[in-house]
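Student: Pasting a structure here, questions to come.
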There are 2 protein chains.
Amino acid sequence: MIEDLRAALGDKAVLTGADCAPWSHDWTGQYDWTPLCVVRPASTQEVSAVMQLAHAAGVAVVPVSGNTGLAGGTRADGAVMLSLDRMNAVRDIRPEARLAVVEAGVILSDLHDAVAAQGLSFPMTFGAKGSARMGGLLATNAGGSNVLRYGNTRDLVLGVEAVLADGRVVDLLSELHKNNTGYDLRHLLIGSEGTLGIITAAVVKLVPAPKAFATAMVALDTVSEALTLLNRLQDVTGGAVEAFEFMPGRYMRAHAETFPEARMPFDELYGVNVLVELGATAPRDVQIGEDGQVPLTAYLEEVLGGLLEEGAVLDAVVASNEAQRSEMWARREAAAELSLAHKPLLIADVAVALDRVETFLDKAGARMAQIDPDFDTMIVSHLGDGNIHYTVWPSEGIDLDEVTETVEDVVLELGGSFSAEHGVGTSKLASMRRRKDPVALDMMRAIKQALDPKGILNPGKVIPS
Amino acid sequence: MIEDLRAALGDKAVLTGADCAPWSHDWTGQYDWTPLCVVRPASTQEVSAVMQLAHAAGVAVVPVSGNTGLAGGTRADGAVMLSLDRMNAVRDIRPEARLAVVEAGVILSDLHDAVAAQGLSFPMTFGAKGSARMGGLLATNAGGSNVLRYGNTRDLVLGVEAVLADGRVVDLLSELHKNNTGYDLRHLLIGSEGTLGIITAAVVKLVPAPKAFATAMVALDTVSEALTLLNRLQDVTGGAVEAFEFMPGRYMRAHAETFPEARMPFDELYGVNVLVELGATAPRDVQIGEDGQVPLTAYLEEVLGGLLEEGAVLDAVVASNEAQRSEMWARREAAAELSLAHKPLLIADVAVALDRVETFLDKAGARMAQIDPDFDTMIVSHLGDGNIHYTVWPSEGIDLDEVTETVEDVVLELGGSFSAEHGVGTSKLASMRRRKDPVALDMMRAIKQALDPKGILNPGKVIPS
């Protein structure tokens, strides 16, 4: 197999032994594995060649791009690991049509930079943007901080190109906003975590880059009052809130301990802290008014002022320059690092309706205390879309799976999801078995069997056995 | 079979013979058929019971809701026709969460009315809104006039419930904006035209109802100048254009001839006429200014004034009240009636990139003239999303399929789609065979076989044999 791969791709593109080290574990240190080899194809045709060889030999193939996942979706013991890092071309940017054609190996922040030069934005963003690659975003239907305004990854994709289990290339690279020509295979491939095909390229939507931001850190009394803030801002601006990120006191404390040189936003440690950002896309929203401010900042200050008088807002800081804004974002984007500081841990990635976030936090905390009176937890939440990253550091001897089930129980009672944006990978297979509609699971198995009858594409992921 | 269906659903819910007449042809009069019977289940459980019986007997089932399709997707010779018209409950409206749970038989305009009472909007709309039902919108991923701002049907759906070929019910009724629990079966079912499952209910997104509209009819010199108008309006308002509908002179003439009592918008008959509508969602956009106007109307008049001076706009009328606005929309929504006035006809439902619409029209006209020098054509276009309804009335003796191929050739040369928003049904099977990526067709066949191995769900539609 390895010889065949070398013949097809050249020696340099096939790594074995110690050379595989960077691809033999995930960045969290939670998972490690020993691949058969790592291949680094440079084109869709080379991906196709790898899959043809693997299909003929019945060898498993695990695609990987940035390897920044949290769900063990790239574990590859004994498999050919197919890295898309060399397919890193932005094939085309068409500003007039507001789209870009990108390969799976493009790093998210590189795409941000490339389109910013045209006054445009690819509005998907999250902490790992400097190393996450588009293939992983597409494979997991990644979320992040701007979903509230712009949707998940799949909502930003017009078309994809993919290589199937047997090496055939399917061309669904549509640039159109209306295109109903049979089943939506694009959406089937997006979010399938490499189990149905390897996405090699995509046509993504771009949006006008916000011409100005109004960003603030706000301390509030309750989560419910935070939602009042969100709704008032959405109403007054007609939906200009780009991000609405909730950090409880425990999170603020962890950040201050880990980064002692970082300034705290407030003199006191409050229980409910929100990072809110408005984005101005219309020229009228960046015209400086008589008060010397752009309108969005004025709106933000007006709404905050009202809530301060009502006693709902306890304190607030509006960023007055880009450095202050960056500081606010750096605090939020340290989330993964803060979570992984202690082990063992469990990061439950759940979602509930916005008006149920507070209930979830109360109930989950109470249930956890029943099974583990001394548990520690750190929460960070994309509150604007109901997504909560619920990190639990249990006491010694507590079974992590019991923790997972406890959190899931509460989520399901509230009509929520046990898997919001990090993907299923291997880490949530037990949850899928327990919680997913059994008819839906059967449909997934039937589709997997139909498209990958030999079961060689990222085996053992997403679908529980 | 019929006796079994009567035993399961009651006699009144199973129609045979002459009682099937309303379900034995489509409203265009282009297709007719003789179903085995028509069943009218009142619940998801009854739909399931029908499918269990049909599955056991190997009898074909064709779902139908409003029967307003244009693509022959409900032809049902010898099949059980499953009408969803009795499943017409809006199960729930949750204004805080901005969602509604609707059954497949809900008429689109009934949903509009139900949510308008809450100050909200379900922004999908098109001419047949008074008779089209949600099941059909979901099955075909319907488009319409507001796609530019709000997306296609699938973009407005959070979750679905469906009955599979063997009668099992799959519950994907998520209310969440982030929910990655395996393959996106929701998007697979939406747009599959009843061939993979019968969608019985959906959770749909609602948006704040625009608090004011600025609507105008604009006469321009060229399509390219119409796009300049669109882009300037989008830039100045930050994307507030709800609809941008193009009606050439031929369309205006057909409308005037068919509705002699309707007023023409302009004294002259211009070549390029556009219906443009801006929607104001933020309070600041409905505050009446010193000029006595709401800001959006002022923006619209300012942009139109500029283009008038530049000679790009030839004439324009801004609606000054709801009656004038309705008159503008009635003209646009008469499109289907105008197209169907003469037979034989072909309605090509195509899409190209916005900046290629003019090229498409030029090329398609020239090619058509080569094969039929005396052809007549009437065009209407959702120009804002590149969708063109290209109606051809060919001369006697001209083969309709040759016309189709001619139009398709031009579309494909321009990277467009031969099927934008009406669905494939039976009318575009030949196009699917000729034009769809063959690997994608194979994937569709494999999925169909996996989920409906007996081939009883809407057989003969979407996938060419």
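Residue names in the structure tokens use chain letters A, B, ... in the order shown, residue numbers from 1 in each chain, and ligand numbers from 1 in the order shown.
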Should the cut-off be 7 Å, what would the residue list for chain B against chain A look like, counting only C-alpha atoms, as number ranges by chain?
Tutor: B: 170-171, 176-184, 187-188, 191-192, 235-238, 281-283, 351-353, 385, 387, 417, 419-421, 423-424, 437, 439-440, 443-444, 446-447, 450-451, 462
Student: How about saving the chosen residues, N, CA and C atoms kept, as a tab-separated table (two decimals), in the first residue's frame?
Tutor:
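Okay, this is what ended up in selection.tsv:
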```tsv
chain	number	residue	atom	x	y	z
B	170	VAL	N	-39.51	9.62	11.32
B	170	VAL	CA	-38.23	10.14	11.79
B	170	VAL	C	-38.48	11.54	12.36
B	171	ASP	N	-38.03	11.72	13.60
B	171	ASP	CA	-38.27	12.98	14.32
B	171	ASP	C	-37.01	13.83	14.31
B	176	LEU	N	-33.28	24.27	17.22
B	176	LEU	CA	-31.99	24.86	17.57
B	176	LEU	C	-31.28	25.43	16.37
B	177	HIS	N	-30.45	26.44	16.64
B	177	HIS	CA	-29.65	27.03	15.58
B	177	HIS	C	-28.28	26.38	15.46
B	178	LYS	N	-27.90	25.61	16.45
B	178	LYS	CA	-26.68	24.80	16.37
B	178	LYS	C	-27.05	23.39	16.79
B	179	ASN	N	-26.88	22.44	15.91
B	179	ASN	CA	-27.28	21.07	16.21
B	179	ASN	C	-26.58	20.14	15.25
B	180	ASN	N	-25.42	19.64	15.63
B	180	ASN	CA	-24.64	18.75	14.77
B	180	ASN	C	-24.63	17.35	15.36
B	181	THR	N	-25.69	16.60	15.08
B	181	THR	CA	-25.75	15.24	15.60
B	181	THR	C	-25.87	14.28	14.42
B	182	GLY	N	-24.80	14.20	13.67
B	182	GLY	CA	-24.80	13.28	12.53
B	182	GLY	C	-25.23	13.94	11.24
B	183	TYR	N	-25.49	13.10	10.22
B	183	TYR	CA	-25.78	13.61	8.88
B	183	TYR	C	-26.99	14.53	8.90
B	184	ASP	N	-26.99	15.55	8.05
B	184	ASP	CA	-28.11	16.48	8.01
B	184	ASP	C	-29.24	15.90	7.17
B	187	HIS	N	-31.84	18.41	5.50
B	187	HIS	CA	-31.57	18.97	4.18
B	187	HIS	C	-31.66	17.91	3.08
B	188	LEU	N	-31.44	16.65	3.45
B	188	LEU	CA	-31.60	15.58	2.44
B	188	LEU	C	-33.07	15.42	2.07
B	191	GLY	N	-36.34	19.20	-0.53
B	191	GLY	CA	-35.93	19.24	-1.93
B	191	GLY	C	-35.88	17.88	-2.61
B	192	SER	N	-36.21	16.81	-1.88
B	192	SER	CA	-36.17	15.47	-2.51
B	192	SER	C	-37.51	15.12	-3.14
B	235	ASP	N	-25.81	48.72	-0.95
B	235	ASP	CA	-24.71	49.39	-0.25
B	235	ASP	C	-25.23	50.44	0.71
B	236	VAL	N	-26.15	51.26	0.24
B	236	VAL	CA	-26.57	52.41	1.04
B	236	VAL	C	-27.44	51.96	2.22
B	237	THR	N	-28.18	50.87	2.05
B	237	THR	CA	-29.08	50.44	3.13
B	237	THR	C	-28.50	49.30	3.96
B	238	GLY	N	-27.32	48.82	3.59
B	238	GLY	CA	-26.77	47.67	4.31
B	238	GLY	C	-27.54	46.39	4.05
B	281	THR	N	-36.64	46.99	8.98
B	281	THR	CA	-36.88	46.17	10.17
B	281	THR	C	-36.50	46.90	11.45
B	282	ALA	N	-35.68	47.94	11.39
B	282	ALA	CA	-35.27	48.65	12.61
B	282	ALA	C	-36.13	49.89	12.81
B	283	PRO	N	-36.42	50.20	14.09
B	283	PRO	CA	-37.26	51.37	14.36
B	283	PRO	C	-36.73	52.64	13.70
B	351	ALA	N	-31.05	29.47	-13.63
B	351	ALA	CA	-30.35	30.48	-12.82
B	351	ALA	C	-28.92	30.62	-13.33
B	352	VAL	N	-28.46	31.85	-13.35
B	352	VAL	CA	-27.05	32.12	-13.63
B	352	VAL	C	-26.57	33.17	-12.64
B	353	ALA	N	-25.26	33.37	-12.58
B	353	ALA	CA	-24.74	34.45	-11.75
B	353	ALA	C	-25.36	35.77	-12.20
B	385	ASP	N	-31.56	37.27	-7.50
B	385	ASP	CA	-30.83	36.03	-7.23
B	385	ASP	C	-30.46	35.29	-8.51
B	387	ASN	N	-32.29	34.21	-11.00
B	387	ASN	CA	-33.25	33.19	-11.47
B	387	ASN	C	-34.11	33.77	-12.59
B	417	SER	N	-27.64	26.95	-13.66
B	417	SER	CA	-28.41	25.76	-13.32
B	417	SER	C	-29.62	25.64	-14.24
B	419	SER	N	-32.24	24.05	-13.36
B	419	SER	CA	-33.41	23.85	-12.51
B	419	SER	C	-33.22	24.67	-11.25
B	420	ALA	N	-33.84	25.84	-11.20
B	420	ALA	CA	-33.55	26.79	-10.13
B	420	ALA	C	-34.48	26.63	-8.94
B	421	GLU	N	-35.80	26.67	-9.18
B	421	GLU	CA	-36.68	26.71	-8.01
B	421	GLU	C	-37.99	25.96	-8.18
B	423	GLY	N	-38.33	22.78	-9.16
B	423	GLY	CA	-38.18	21.35	-8.96
B	423	GLY	C	-37.97	20.61	-10.26
B	424	VAL	N	-37.63	19.33	-10.15
B	424	VAL	CA	-37.35	18.48	-11.31
B	424	VAL	C	-38.62	17.75	-11.74
B	437	ASP	N	-24.07	16.11	-13.02
B	437	ASP	CA	-22.83	15.35	-12.83
B	437	ASP	C	-23.17	13.87	-12.64
B	439	VAL	N	-21.59	11.38	-11.40
B	439	VAL	CA	-21.27	10.83	-10.07
B	439	VAL	C	-22.36	11.24	-9.07
B	440	ALA	N	-22.82	12.48	-9.19
B	440	ALA	CA	-23.91	12.93	-8.31
B	440	ALA	C	-25.17	12.11	-8.56
B	443	MET	N	-24.79	8.88	-6.82
B	443	MET	CA	-25.00	9.04	-5.38
B	443	MET	C	-26.49	9.11	-5.06
B	444	MET	N	-27.23	9.86	-5.86
B	444	MET	CA	-28.67	9.98	-5.64
B	444	MET	C	-29.34	8.61	-5.75
B	446	ALA	N	-28.01	5.68	-5.28
B	446	ALA	CA	-27.61	4.84	-4.14
B	446	ALA	C	-28.41	5.22	-2.89
B	447	ILE	N	-28.61	6.50	-2.69
B	447	ILE	CA	-29.36	6.96	-1.51
B	447	ILE	C	-30.83	6.56	-1.63
B	450	ALA	N	-31.14	2.98	-0.89
B	450	ALA	CA	-30.91	2.68	0.53
B	450	ALA	C	-32.13	3.02	1.38
B	451	LEU	N	-32.82	4.11	1.05
B	451	LEU	CA	-33.92	4.58	1.91
B	451	LEU	C	-35.29	4.10	1.42
B	462	VAL	N	-37.60	13.01	-10.27
B	462	VAL	CA	-36.29	13.55	-9.88
B	462	VAL	C	-35.10	12.80	-10.50
```
Student: Pick out the residues sitting within 12 Å of Gly136 of chain A, and hand them over as a PyMOL selection string; count only C-alpha atoms, and ignore anything fewer than 5 positions along from it in its own chain.
Tutor: chain A and resi 62-71+73-74+83-85+103-108+128-129+131+141-143+153+189-194+198-202+421-423+425
Student: DSSP on the backbone: what in segment 34-197 of chain B comes out helix (DSSP H, G or I), as a count of residues only?
Tutor: 47
Student: Show me, as a list in words, the residues that have an atom within 10 Å of Glu333 of chain A when counting only C-alpha atoms, minus same-chain residues fewer than 2 positions from it.
Tutor: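 Listed by chain and then number, they are Phe126, Gly127, Ala128, Lys129, Ser145, Glu327, Met328, Trp329, Ala330, Arg331, Ala335, Ala336, Glu337 and Leu338 of chain A.
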